[in-house]
Amino acid sequence: MAQPAQTDRSELWPDEPVPLAVGTAPLPEYGSGSLADLLPTLAAGQGVPGLGQAIPELTPADRNCVFLIDGLGWEQIKAHPDDAPYLTSLLGTSRGGTGRPITAGFPATTATSLASVGTGLPPGAHGLPGYTVRNPETGELMNQLRWRPWSPPQVWQPYPTVFQLADRAGVHTAQVSSPAFEQTPLTKVALSGGTFHGRLTGEERMDLAAEQLAAGDRSLVYTYYSEVDGKGHRFGIDSDAWRGQLMYVDRLVERLAEQLPPRAALYVTADHGMIDIPFDEQSRIDFDEDWELRAGVALLGGEGRARHVYAVPGAASDVLTVWREVLGEQFWVASRDEAIAAGWFGPRVDDRVYARIGDVVAAAHDDVVITASVNEPNESAMVGMHGSMTPAEQLVPLLEVRS
């Protein structure tokens, strides 16, 4: 018997908003071109067992240095050639000479991305799937960047880092960063292995990174700079303060590149990009002042452009419906299981990580954020934001210099 024709909802209610389909969100390139694939590829080329060349465009080198510039996305470099002439000159070298970026992973935020870099695992495996997430053991929100409230680091993230694997395999391994990061739990779970060298200035870090790179026949060195991100959050990526930081890191990269020892490769990348969000009611939706969005919500996690929403018991379905109705044209809004099935957090989500993910996950499509003016006053006041899967946030460079 013939089946009746299906009627499109938009034909019956042409003015009714149509929510963005979960499957239309542009996925990170887990397994072939994401931050989680970088160190395993480099270490595999140095003979570290158990790792493979996940990014096929990269050529092995005996000495590898990764310089991660916090907040410096691919689109931001391309938009500022006059402020970053050296970085701009390297754009064609990105991703093994293809001139293409790699992707950060979801959410595109520092704690998640640094854990992906250091462990070589996507967020669903390493277990840092957001800026703040619920700890299923306590029911509290945990800030995974500042590690508050404290949770046992090796329980929260039990996998060895690539640095630890490389160190065990006889590769000279070092991290060169701010002294303030040496003892942090995030460093311990994401970037430990070999030796940590704290240096205050960018110039000192570049010089010491070059020394450490030359210290072994096989070397794996990581160095980091944070203030591009800091100025972007405070003043925006259209500010003089941000451009001043871009000019500074441009000189730092060139300084390091000029000191590379023989048989070395330098890779310049970032943990995420950034966009500026206007200060108006259309662009900044205040959760703390919106009774519809608050209904049935026990905890609001994540950050403005990548929200984890934890419902009171029994309310998850209703919260999903409301958030999709209210925000579905501007955000990809998914249930926990939909986001996992779509691959937002990688090809797998470990059992210990499952309940850390929100009952509802909302990732921004438009230039809009969900703020929380009462509970998150500092974050709500930021100009530059990141976290979602748009190109401005997700695409990061993988610039390469070889000696």
# chains A, B, ... in the order shown; residues from 1 in each chain; ligands from 1
>>> closest_atom_pairs(of="stretch 74-137 of chain A", to="stretch 355-377 of chain A", cutoff="9 Å", atoms="only C-alpha atoms", output="Markdown table")
| residue | atom | partner | partner_atom | distance |
| --- | --- | --- | --- | --- |
| A:Pro107 | CA | A:Ala363 | CA | 8.3 |
| A:Gly127 | CA | A:Arg356 | CA | 8.0 |
| A:Leu128 | CA | A:Arg356 | CA | 8.5 |
| A:Pro129 | CA | A:Ile357 | CA | 6.9 |
| A:Gly130 | CA | A:Ile357 | CA | 8.2 |
| A:Val133 | CA | A:Arg356 | CA | 5.7 |
| A:Arg134 | CA | A:Arg356 | CA | 5.1 |
| A:Asn135 | CA | A:Arg356 | CA | 6.0 |
| A:Pro136 | CA | A:Ala355 | CA | 6.1 |
>>> residues_around(residues="stretch 261-277 of chain A", least_positions_apart="5", cutoff="8 Å", atoms="only C-alpha atoms", output="CSV table (one decimal) with all heavy atoms, in the first residue's frame")
chain,number,residue,atom,x,y,z
A,35,LEU,N,44.8,18.5,16.8
A,35,LEU,CA,45.9,18.7,17.8
A,35,LEU,C,46.3,17.4,18.5
A,35,LEU,O,47.5,17.2,18.8
A,35,LEU,CB,45.5,19.7,18.9
A,35,LEU,CG,45.5,21.2,18.5
A,35,LEU,CD1,45.0,22.1,19.6
A,35,LEU,CD2,47.0,21.6,18.1
A,61,ALA,N,61.5,14.0,11.8
A,61,ALA,CA,62.7,14.7,12.1
A,61,ALA,C,63.3,14.1,13.4
A,61,ALA,O,62.5,13.6,14.2
A,61,ALA,CB,62.5,16.2,12.2
A,62,ASP,N,64.6,14.1,13.5
A,62,ASP,CA,65.2,13.6,14.8
A,62,ASP,C,64.9,14.5,16.0
A,62,ASP,O,64.8,14.0,17.1
A,62,ASP,CB,66.7,13.5,14.6
A,62,ASP,CG,67.1,12.4,13.6
A,62,ASP,OD1,66.4,11.5,13.5
A,62,ASP,OD2,68.2,12.6,12.9
A,63,ARG,N,64.8,15.8,15.7
A,63,ARG,CA,64.6,16.8,16.8
A,63,ARG,C,63.3,17.6,16.4
A,63,ARG,O,63.3,18.2,15.4
A,63,ARG,CB,65.8,17.7,16.9
A,63,ARG,CG,67.1,17.0,17.4
A,63,ARG,CD,68.3,17.9,17.2
A,63,ARG,NE,69.5,17.4,17.9
A,63,ARG,CZ,70.7,17.5,17.4
A,63,ARG,NH1,70.9,18.2,16.3
A,63,ARG,NH2,71.7,17.0,18.1
A,64,ASN,N,62.4,17.6,17.3
A,64,ASN,CA,61.1,18.2,17.1
A,64,ASN,C,60.8,19.2,18.2
A,64,ASN,O,60.9,18.9,19.4
A,64,ASN,CB,60.0,17.2,17.0
A,64,ASN,CG,60.0,16.4,15.7
A,64,ASN,OD1,59.9,16.9,14.6
A,64,ASN,ND2,60.2,15.1,15.9
A,65,CYS,N,60.4,20.4,17.8
A,65,CYS,CA,60.0,21.4,18.8
A,65,CYS,C,58.6,21.9,18.4
A,65,CYS,O,58.3,22.3,17.2
A,65,CYS,CB,60.9,22.6,18.8
A,65,CYS,SG,60.5,23.9,20.0
A,66,VAL,N,57.7,21.9,19.4
A,66,VAL,CA,56.3,22.4,19.2
A,66,VAL,C,56.2,23.7,20.0
A,66,VAL,O,56.4,23.7,21.2
A,66,VAL,CB,55.3,21.4,19.6
A,66,VAL,CG1,53.9,22.1,19.6
A,66,VAL,CG2,55.3,20.2,18.8
A,67,PHE,N,55.9,24.8,19.3
A,67,PHE,CA,55.7,26.1,20.0
A,67,PHE,C,54.2,26.4,19.9
A,67,PHE,O,53.7,26.7,18.8
A,67,PHE,CB,56.5,27.2,19.3
A,67,PHE,CG,56.4,28.6,19.9
A,67,PHE,CD1,55.8,28.8,21.1
A,67,PHE,CD2,56.9,29.7,19.2
A,67,PHE,CE1,55.7,30.0,21.7
A,67,PHE,CE2,56.8,31.0,19.8
A,67,PHE,CZ,56.2,31.1,21.0
A,68,LEU,N,53.5,26.3,21.0
A,68,LEU,CA,52.1,26.5,21.0
A,68,LEU,C,51.8,28.0,21.5
A,68,LEU,O,52.2,28.3,22.7
A,68,LEU,CB,51.4,25.5,21.9
A,68,LEU,CG,49.9,25.5,21.8
A,68,LEU,CD1,49.3,24.0,21.9
A,68,LEU,CD2,49.2,26.3,22.8
A,69,ILE,N,51.1,28.7,20.7
A,69,ILE,CA,50.8,30.1,21.0
A,69,ILE,C,49.3,30.2,21.3
A,69,ILE,O,48.5,29.9,20.5
A,69,ILE,CB,51.1,31.1,19.8
A,69,ILE,CG1,52.6,31.0,19.5
A,69,ILE,CG2,50.7,32.5,20.2
A,69,ILE,CD1,53.0,31.7,18.2
A,70,ASP,N,49.0,30.4,22.6
A,70,ASP,CA,47.6,30.3,23.1
A,70,ASP,C,46.8,31.4,22.3
A,70,ASP,O,47.1,32.6,22.4
A,70,ASP,CB,47.6,30.6,24.6
A,70,ASP,CG,46.3,30.1,25.2
A,70,ASP,OD1,45.3,30.3,24.6
A,70,ASP,OD2,46.4,29.5,26.3
A,71,GLY,N,45.7,30.9,21.7
A,71,GLY,CA,44.7,31.8,21.1
A,71,GLY,C,45.0,32.3,19.7
A,71,GLY,O,44.2,33.0,19.1
A,72,LEU,N,46.1,31.8,19.1
A,72,LEU,CA,46.5,32.3,17.7
A,72,LEU,C,45.9,31.4,16.6
A,72,LEU,O,46.6,30.5,16.2
A,72,LEU,CB,48.0,32.5,17.6
A,72,LEU,CG,48.4,33.2,16.3
A,72,LEU,CD1,47.8,34.6,16.1
A,72,LEU,CD2,49.9,33.3,16.2
A,73,GLY,N,44.7,31.6,16.2
A,73,GLY,CA,44.1,30.8,15.2
A,73,GLY,C,44.6,31.1,13.8
A,73,GLY,O,45.2,32.1,13.5
A,74,TRP,N,44.3,30.2,12.9
A,74,TRP,CA,44.7,30.3,11.5
A,74,TRP,C,44.1,31.5,10.9
A,74,TRP,O,44.8,32.3,10.2
A,74,TRP,CB,44.2,29.0,10.8
A,74,TRP,CG,44.3,28.9,9.3
A,74,TRP,CD1,43.4,29.1,8.4
A,74,TRP,CD2,45.5,28.6,8.6
A,74,TRP,NE1,43.9,28.9,7.1
A,74,TRP,CE2,45.2,28.6,7.2
A,74,TRP,CE3,46.8,28.2,9.0
A,74,TRP,CZ2,46.2,28.3,6.3
A,74,TRP,CZ3,47.8,27.9,8.1
A,74,TRP,CH2,47.4,27.9,6.7
A,75,GLU,N,42.8,31.8,11.1
A,75,GLU,CA,42.2,32.9,10.5
A,75,GLU,C,42.7,34.2,11.0
A,75,GLU,O,42.8,35.2,10.2
A,75,GLU,CB,40.7,32.8,10.6
A,75,GLU,CG,40.0,31.7,9.8
A,75,GLU,CD,38.5,31.9,9.6
A,75,GLU,OE1,37.9,32.8,10.3
A,75,GLU,OE2,38.0,31.2,8.8
A,76,GLN,N,43.2,34.3,12.2
A,76,GLN,CA,43.7,35.5,12.8
A,76,GLN,C,45.1,35.8,12.1
A,76,GLN,O,45.4,37.0,11.9
A,76,GLN,CB,43.8,35.4,14.3
A,76,GLN,CG,42.5,35.4,15.0
A,76,GLN,CD,41.8,34.1,15.0
A,76,GLN,OE1,42.3,33.1,15.6
A,76,GLN,NE2,40.6,34.0,14.4
A,104,ALA,N,41.5,22.1,16.2
A,104,ALA,CA,41.8,22.1,17.6
A,104,ALA,C,41.1,20.9,18.3
A,104,ALA,O,41.8,20.1,19.1
A,104,ALA,CB,41.3,23.3,18.3
A,108,ALA,N,36.9,24.0,21.6
A,108,ALA,CA,38.2,24.7,21.3
A,108,ALA,C,38.5,25.6,22.4
A,108,ALA,O,38.3,26.9,22.4
A,108,ALA,CB,38.0,25.5,20.0
A,109,THR,N,39.1,25.1,23.5
A,109,THR,CA,39.4,25.8,24.7
A,109,THR,C,40.7,25.2,25.2
A,109,THR,O,41.1,24.1,25.0
A,109,THR,CB,38.3,25.7,25.7
A,109,THR,OG1,38.4,26.7,26.6
A,109,THR,CG2,38.2,24.4,26.3
A,110,THR,N,41.4,26.0,26.1
A,110,THR,CA,42.8,25.7,26.4
A,110,THR,C,43.0,24.4,27.2
A,110,THR,O,43.8,23.6,26.8
A,110,THR,CB,43.4,26.9,27.2
A,110,THR,OG1,43.3,28.1,26.5
A,110,THR,CG2,44.8,26.6,27.7
A,113,SER,N,42.4,21.5,24.8
A,113,SER,CA,43.4,21.4,23.7
A,113,SER,C,44.7,21.0,24.2
A,113,SER,O,45.4,20.2,23.6
A,113,SER,CB,43.5,22.7,23.0
A,113,SER,OG,42.3,23.0,22.2
A,114,LEU,N,45.2,21.6,25.4
A,114,LEU,CA,46.5,21.2,25.9
A,114,LEU,C,46.5,19.7,26.3
A,114,LEU,O,47.5,19.0,26.1
A,114,LEU,CB,46.8,22.1,27.1
A,114,LEU,CG,47.1,23.5,26.8
A,114,LEU,CD1,47.7,24.2,28.1
A,114,LEU,CD2,48.0,23.7,25.7
A,210,ALA,N,65.7,26.2,22.1
A,210,ALA,CA,66.7,25.8,21.1
A,210,ALA,C,67.8,25.0,21.7
A,210,ALA,O,68.3,24.0,21.2
A,210,ALA,CB,67.2,27.1,20.4
A,213,LEU,N,66.5,21.5,22.4
A,213,LEU,CA,66.4,20.8,21.2
A,213,LEU,C,67.7,20.2,20.7
A,213,LEU,O,67.8,19.1,20.2
A,213,LEU,CB,65.8,21.7,20.1
A,213,LEU,CG,65.2,21.1,18.9
A,213,LEU,CD1,64.0,20.2,19.2
A,213,LEU,CD2,64.7,22.2,17.9
A,214,ALA,N,68.8,20.9,21.0
A,214,ALA,CA,70.1,20.5,20.6
A,214,ALA,C,70.7,19.5,21.6
A,214,ALA,O,71.8,18.9,21.3
A,214,ALA,CB,71.1,21.7,20.4
A,232,GLY,N,43.5,39.0,23.8
A,232,GLY,CA,42.3,38.8,23.0
A,232,GLY,C,41.0,38.8,23.8
A,232,GLY,O,40.0,39.4,23.5
A,236,GLY,N,39.9,42.1,22.8
A,236,GLY,CA,39.5,41.7,21.5
A,236,GLY,C,40.6,41.6,20.5
A,236,GLY,O,41.6,42.2,20.6
A,237,ILE,N,40.3,40.8,19.4
A,237,ILE,CA,41.3,40.6,18.4
A,237,ILE,C,41.4,41.7,17.4
A,237,ILE,O,42.1,41.6,16.4
A,237,ILE,CB,41.1,39.2,17.7
A,237,ILE,CG1,39.7,39.1,17.0
A,237,ILE,CG2,41.3,38.1,18.7
A,237,ILE,CD1,39.5,37.9,16.2
A,238,ASP,N,40.6,42.7,17.6
A,238,ASP,CA,40.6,43.9,16.7
A,238,ASP,C,41.3,45.1,17.5
A,238,ASP,O,41.2,46.2,17.0
A,238,ASP,CB,39.2,44.3,16.3
A,238,ASP,CG,39.2,45.3,15.1
A,238,ASP,OD1,40.1,45.2,14.3
A,238,ASP,OD2,38.3,46.2,15.0
A,253,VAL,N,58.9,33.7,17.2
A,253,VAL,CA,59.0,32.5,16.3
A,253,VAL,C,60.2,32.6,15.4
A,253,VAL,O,61.0,31.6,15.2
A,253,VAL,CB,57.7,32.4,15.4
A,253,VAL,CG1,57.9,31.3,14.4
A,253,VAL,CG2,56.5,32.1,16.3
A,283,SER,N,23.7,39.5,20.8
A,283,SER,CA,24.9,38.8,20.8
A,283,SER,C,25.3,38.1,22.1
A,283,SER,O,26.0,37.1,22.1
A,283,SER,CB,26.1,39.7,20.3
A,283,SER,OG,25.8,40.3,19.1
A,284,ARG,N,24.8,38.6,23.2
A,284,ARG,CA,25.1,38.1,24.5
A,284,ARG,C,23.8,37.7,25.2
A,284,ARG,O,23.1,38.6,25.7
A,284,ARG,CB,25.9,39.1,25.3
A,284,ARG,CG,27.3,39.3,24.7
A,284,ARG,CD,28.1,40.4,25.3
A,284,ARG,NE,29.4,40.5,24.7
A,284,ARG,CZ,30.6,40.0,25.2
A,284,ARG,NH1,30.5,39.4,26.4
A,284,ARG,NH2,31.7,40.1,24.6
A,367,ASP,N,27.8,34.5,15.7
A,367,ASP,CA,28.6,35.3,16.6
A,367,ASP,C,27.8,35.7,17.8
A,367,ASP,O,27.4,36.8,18.0
A,367,ASP,CB,29.1,36.5,15.9
A,367,ASP,CG,30.1,36.2,14.8
A,367,ASP,OD1,30.5,35.0,14.6
A,367,ASP,OD2,30.5,37.1,14.0
A,368,VAL,N,27.6,34.7,18.7
A,368,VAL,CA,26.8,34.9,19.9
A,368,VAL,C,27.3,34.0,21.0
A,368,VAL,O,28.0,33.0,20.8
A,368,VAL,CB,25.3,34.5,19.5
A,368,VAL,CG1,25.2,33.0,19.1
A,368,VAL,CG2,24.4,34.8,20.7
A,369,VAL,N,27.1,34.5,22.3
A,369,VAL,CA,27.5,33.7,23.4
A,369,VAL,C,26.4,33.6,24.4
A,369,VAL,O,25.5,34.5,24.5
A,369,VAL,CB,28.8,34.3,24.1
A,369,VAL,CG1,30.0,34.3,23.2
A,369,VAL,CG2,28.5,35.7,24.6
A,383,VAL,N,35.8,40.2,25.8
A,383,VAL,CA,35.5,40.7,24.4
A,383,VAL,C,35.7,39.5,23.5
A,383,VAL,O,34.8,39.1,22.7
A,383,VAL,CB,36.4,41.9,24.0
A,383,VAL,CG1,36.1,42.3,22.6
A,383,VAL,CG2,36.2,43.0,25.0
A,384,GLY,N,36.9,38.9,23.5
A,384,GLY,CA,37.2,37.8,22.6
A,384,GLY,C,36.7,36.5,23.3
A,384,GLY,O,36.9,36.3,24.5
A,385,MET,N,36.1,35.6,22.5
A,385,MET,CA,35.6,34.3,23.0
A,385,MET,C,36.0,33.2,22.0
A,385,MET,O,36.4,33.4,20.9
A,385,MET,CB,34.1,34.4,23.0
A,385,MET,CG,33.5,35.5,23.9
A,385,MET,SD,33.5,35.0,25.6
A,385,MET,CE,32.4,36.2,26.3
A,386,HIS,N,35.9,32.0,22.5
A,386,HIS,CA,36.2,30.8,21.7
A,386,HIS,C,35.5,29.6,22.3
A,386,HIS,O,34.9,29.7,23.4
A,386,HIS,CB,37.7,30.6,21.6
A,386,HIS,CG,38.4,30.5,22.9
A,386,HIS,ND1,38.4,29.4,23.7
A,386,HIS,CD2,39.1,31.4,23.6
A,386,HIS,CE1,39.1,29.6,24.8
A,386,HIS,NE2,39.5,30.9,24.8
A,387,GLY,N,35.6,28.4,21.7
A,387,GLY,CA,35.0,27.2,22.2
A,387,GLY,C,34.3,26.4,21.2
A,387,GLY,O,34.3,25.1,21.3
A,392,ALA,N,36.8,30.1,12.7
A,392,ALA,CA,37.6,31.1,13.4
A,392,ALA,C,38.1,30.6,14.7
A,392,ALA,O,39.2,31.0,15.2
A,392,ALA,CB,36.7,32.4,13.6
A,393,GLU,N,37.4,29.6,15.3
A,393,GLU,CA,37.8,29.1,16.6
A,393,GLU,C,38.5,27.7,16.4
A,393,GLU,O,39.4,27.4,17.2
A,393,GLU,CB,36.6,28.8,17.5
A,393,GLU,CG,35.8,30.1,17.8
A,393,GLU,CD,34.3,29.8,18.1
A,393,GLU,OE1,33.5,29.6,17.2
A,393,GLU,OE2,34.0,29.8,19.3
A,394,GLN,N,38.1,27.0,15.4
A,394,GLN,CA,38.6,25.6,15.3
A,394,GLN,C,39.9,25.4,14.6
A,394,GLN,O,40.7,24.5,14.9
A,394,GLN,CB,37.5,24.8,14.7
A,394,GLN,CG,37.6,23.3,14.7
A,394,GLN,CD,37.6,22.7,16.1
A,394,GLN,OE1,38.4,21.9,16.5
A,394,GLN,NE2,36.7,23.2,17.0
A,395,LEU,N,40.1,26.3,13.5
A,395,LEU,CA,41.3,26.1,12.7
A,395,LEU,C,42.5,26.7,13.3
A,395,LEU,O,42.5,27.9,13.7
A,395,LEU,CB,41.0,26.7,11.3
A,395,LEU,CG,39.8,26.2,10.5
A,395,LEU,CD1,39.8,26.8,9.1
A,395,LEU,CD2,39.9,24.6,10.4
A,396,VAL,N,43.6,25.9,13.4
A,396,VAL,CA,44.8,26.4,14.0
A,396,VAL,C,46.0,26.1,13.0
A,396,VAL,O,45.9,25.1,12.3
A,396,VAL,CB,45.1,25.8,15.4
A,396,VAL,CG1,44.1,26.3,16.4
A,396,VAL,CG2,45.1,24.3,15.3
A,397,PRO,N,47.0,26.9,13.1
A,397,PRO,CA,48.1,26.6,12.1
A,397,PRO,C,49.0,25.4,12.6
A,397,PRO,O,48.9,25.0,13.7
A,397,PRO,CB,49.0,27.9,12.3
A,397,PRO,CG,48.7,28.4,13.7
A,397,PRO,CD,47.3,28.0,13.9
A,398,LEU,N,49.7,24.9,11.6
A,398,LEU,CA,50.8,24.0,11.9
A,398,LEU,C,52.0,24.3,11.0
A,398,LEU,O,52.4,23.6,10.1
A,398,LEU,CB,50.3,22.5,11.6
A,398,LEU,CG,51.3,21.4,12.1
A,398,LEU,CD1,51.6,21.6,13.6
A,398,LEU,CD2,50.8,20.0,11.8
A,399,LEU,N,52.5,25.5,11.3
A,399,LEU,CA,53.6,26.1,10.5
A,399,LEU,C,54.9,25.4,10.8
A,399,LEU,O,55.1,24.9,11.9
A,399,LEU,CB,53.8,27.6,10.8
A,399,LEU,CG,52.5,28.4,10.8
A,399,LEU,CD1,52.8,29.9,11.1
A,399,LEU,CD2,51.7,28.3,9.5
A,400,GLU,N,55.7,25.3,9.8
A,400,GLU,CA,56.9,24.4,9.9
A,400,GLU,C,58.2,25.1,9.4
A,400,GLU,O,58.2,25.7,8.4
A,400,GLU,CB,56.7,23.1,9.1
A,400,GLU,CG,57.8,22.1,9.2
A,400,GLU,CD,57.5,20.8,8.4
A,400,GLU,OE1,56.3,20.5,8.2
A,400,GLU,OE2,58.5,20.1,8.0
A,401,VAL,N,59.2,25.0,10.2
A,401,VAL,CA,60.6,25.4,9.8
A,401,VAL,C,61.5,24.3,10.1
A,401,VAL,O,61.5,23.7,11.1
A,401,VAL,CB,61.0,26.7,10.6
A,401,VAL,CG1,62.4,27.1,10.2
A,401,VAL,CG2,60.0,27.8,10.5
A,402,ARG,N,62.4,24.0,9.1
A,402,ARG,CA,63.4,23.0,9.3
A,402,ARG,C,64.8,23.5,9.1
A,402,ARG,O,65.0,24.4,8.3
A,402,ARG,CB,63.1,21.8,8.2
A,402,ARG,CG,61.9,21.0,8.6
A,402,ARG,CD,61.8,19.8,7.6
A,402,ARG,NE,60.7,19.0,8.2
A,402,ARG,CZ,60.8,17.8,8.7
A,402,ARG,NH1,62.1,17.2,8.7
A,402,ARG,NH2,59.8,17.1,9.2
A,403,SER,N,65.7,22.9,9.8
A,403,SER,CA,67.1,23.3,9.8
A,403,SER,C,67.8,22.6,8.6
A,403,SER,O,67.3,21.6,8.1
A,403,SER,CB,67.8,23.1,11.1
A,403,SER,OG,67.7,21.7,11.4
>>> select_by_dssp(residues="stretch 124-271 of chain A", states="helix (DSSP H, G or I)", output="number ranges by chain")
A: 124-126, 153-156, 162-168, 179-181, 185-190, 202-214, 227-235, 240-257
>>> residues_around(residues="A:Ala125", least_positions_apart="5", cutoff="9 Å", atoms="only C-alpha atoms", output="ChimeraX atom specification")
/A:157,159,345-353
>>> write_last_selection(atoms="C-alpha atoms", output="compact mmCIF listing (two decimals), in the first residue's frame")
# COMPACT_ATOMS: atom_id res chain seq x y z
CA GLN A 157 43.23 11.78 33.46
CA TYR A 159 46.66 8.02 30.42
CA PHE A 345 34.37 14.68 21.39
CA GLY A 346 36.19 12.19 19.18
CA PRO A 347 35.56 8.64 17.97
CA ARG A 348 35.02 7.34 21.50
CA VAL A 349 34.00 8.57 24.92
CA ASP A 350 35.38 6.63 27.89
CA ASP A 351 32.93 5.49 30.57
CA ARG A 352 34.55 7.71 33.19
CA VAL A 353 34.06 10.74 30.89
>>> closest_residue(among="A:Val22, A:Met142, A:Leu246, A:Ser34", to="A:Ile77", atoms="only C-alpha atoms")
A:Leu246
>>> closest_residue(among="A:Leu165, A:Ala84, A:Val117, A:Leu186", to="A:Asn143", atoms="only C-alpha atoms")
A:Leu186
>>> decode(residues="stretch 146-153 of chain A", atoms="all heavy atoms", output="PDB file, in the first residue's frame")
ATOM      1  N   ARG A 146      41.847  25.740  35.928  1.00  0.00           N
ATOM      2  CA  ARG A 146      42.388  26.112  37.244  1.00  0.00           C
ATOM      3  C   ARG A 146      42.362  24.959  38.246  1.00  0.00           C
ATOM      4  O   ARG A 146      42.900  25.069  39.339  1.00  0.00           O
ATOM      5  CB  ARG A 146      41.601  27.302  37.794  1.00  0.00           C
ATOM      6  CG  ARG A 146      41.759  28.536  36.914  1.00  0.00           C
ATOM      7  CD  ARG A 146      40.938  29.713  37.416  1.00  0.00           C
ATOM      8  NE  ARG A 146      41.232  30.908  36.633  1.00  0.00           N
ATOM      9  CZ  ARG A 146      40.654  31.216  35.482  1.00  0.00           C
ATOM     10  NH1 ARG A 146      39.725  30.414  34.990  1.00  0.00           N
ATOM     11  NH2 ARG A 146      40.982  32.306  34.817  1.00  0.00           N
ATOM     12  N   TRP A 147      41.715  23.857  37.864  1.00  0.00           N
ATOM     13  CA  TRP A 147      41.620  22.637  38.684  1.00  0.00           C
ATOM     14  C   TRP A 147      40.975  22.926  40.034  1.00  0.00           C
ATOM     15  O   TRP A 147      41.479  22.587  41.088  1.00  0.00           O
ATOM     16  CB  TRP A 147      42.995  22.000  38.864  1.00  0.00           C
ATOM     17  CG  TRP A 147      42.941  20.504  38.817  1.00  0.00           C
ATOM     18  CD1 TRP A 147      42.874  19.645  39.869  1.00  0.00           C
ATOM     19  CD2 TRP A 147      42.904  19.676  37.641  1.00  0.00           C
ATOM     20  NE1 TRP A 147      42.813  18.335  39.421  1.00  0.00           N
ATOM     21  CE2 TRP A 147      42.835  18.335  38.044  1.00  0.00           C
ATOM     22  CE3 TRP A 147      42.934  19.942  36.276  1.00  0.00           C
ATOM     23  CZ2 TRP A 147      42.797  17.263  37.158  1.00  0.00           C
ATOM     24  CZ3 TRP A 147      42.895  18.893  35.380  1.00  0.00           C
ATOM     25  CH2 TRP A 147      42.829  17.568  35.820  1.00  0.00           C
ATOM     26  N   ARG A 148      39.801  23.556  39.965  1.00  0.00           N
ATOM     27  CA  ARG A 148      39.029  23.877  41.158  1.00  0.00           C
ATOM     28  C   ARG A 148      37.580  23.409  40.967  1.00  0.00           C
ATOM     29  O   ARG A 148      36.984  23.722  39.941  1.00  0.00           O
ATOM     30  CB  ARG A 148      39.027  25.391  41.411  1.00  0.00           C
ATOM     31  CG  ARG A 148      40.393  25.977  41.684  1.00  0.00           C
ATOM     32  CD  ARG A 148      40.289  27.491  41.790  1.00  0.00           C
ATOM     33  NE  ARG A 148      41.612  28.107  41.896  1.00  0.00           N
ATOM     34  CZ  ARG A 148      41.834  29.398  41.628  1.00  0.00           C
ATOM     35  NH1 ARG A 148      40.828  30.185  41.270  1.00  0.00           N
ATOM     36  NH2 ARG A 148      43.048  29.888  41.726  1.00  0.00           N
ATOM     37  N   PRO A 149      37.022  22.727  42.000  1.00  0.00           N
ATOM     38  CA  PRO A 149      37.690  22.163  43.174  1.00  0.00           C
ATOM     39  C   PRO A 149      38.707  21.087  42.774  1.00  0.00           C
ATOM     40  O   PRO A 149      38.588  20.482  41.718  1.00  0.00           O
ATOM     41  CB  PRO A 149      36.546  21.547  43.971  1.00  0.00           C
ATOM     42  CG  PRO A 149      35.287  22.077  43.388  1.00  0.00           C
ATOM     43  CD  PRO A 149      35.582  22.414  41.984  1.00  0.00           C
ATOM     44  N   TRP A 150      39.661  20.868  43.653  1.00  0.00           N
ATOM     45  CA  TRP A 150      40.737  19.928  43.368  1.00  0.00           C
ATOM     46  C   TRP A 150      40.195  18.511  43.248  1.00  0.00           C
ATOM     47  O   TRP A 150      39.310  18.093  43.992  1.00  0.00           O
ATOM     48  CB  TRP A 150      41.785  20.000  44.469  1.00  0.00           C
ATOM     49  CG  TRP A 150      43.033  19.238  44.149  1.00  0.00           C
ATOM     50  CD1 TRP A 150      44.117  19.693  43.458  1.00  0.00           C
ATOM     51  CD2 TRP A 150      43.325  17.885  44.512  1.00  0.00           C
ATOM     52  NE1 TRP A 150      45.075  18.711  43.377  1.00  0.00           N
ATOM     53  CE2 TRP A 150      44.610  17.584  44.007  1.00  0.00           C
ATOM     54  CE3 TRP A 150      42.624  16.894  45.192  1.00  0.00           C
ATOM     55  CZ2 TRP A 150      45.213  16.346  44.170  1.00  0.00           C
ATOM     56  CZ3 TRP A 150      43.217  15.662  45.362  1.00  0.00           C
ATOM     57  CH2 TRP A 150      44.498  15.394  44.852  1.00  0.00           C
ATOM     58  N   SER A 151      40.723  17.787  42.296  1.00  0.00           N
ATOM     59  CA  SER A 151      40.409  16.372  42.122  1.00  0.00           C
ATOM     60  C   SER A 151      41.717  15.650  41.830  1.00  0.00           C
ATOM     61  O   SER A 151      42.612  16.245  41.212  1.00  0.00           O
ATOM     62  CB  SER A 151      39.427  16.187  40.962  1.00  0.00           C
ATOM     63  OG  SER A 151      39.105  14.826  40.782  1.00  0.00           O
ATOM     64  N   PRO A 152      41.892  14.402  42.265  1.00  0.00           N
ATOM     65  CA  PRO A 152      43.163  13.702  42.019  1.00  0.00           C
ATOM     66  C   PRO A 152      43.494  13.674  40.532  1.00  0.00           C
ATOM     67  O   PRO A 152      42.749  13.094  39.737  1.00  0.00           O
ATOM     68  CB  PRO A 152      42.901  12.295  42.571  1.00  0.00           C
ATOM     69  CG  PRO A 152      41.834  12.480  43.593  1.00  0.00           C
ATOM     70  CD  PRO A 152      40.957  13.576  43.067  1.00  0.00           C
ATOM     71  N   PRO A 153      44.582  14.313  40.110  1.00  0.00           N
ATOM     72  CA  PRO A 153      44.865  14.457  38.678  1.00  0.00           C
ATOM     73  C   PRO A 153      44.947  13.135  37.926  1.00  0.00           C
ATOM     74  O   PRO A 153      44.382  13.000  36.825  1.00  0.00           O
ATOM     75  CB  PRO A 153      46.208  15.205  38.648  1.00  0.00           C
ATOM     76  CG  PRO A 153      46.231  15.964  39.943  1.00  0.00           C
ATOM     77  CD  PRO A 153      45.551  15.065  40.931  1.00  0.00           C
TER      78      PRO A 153
END
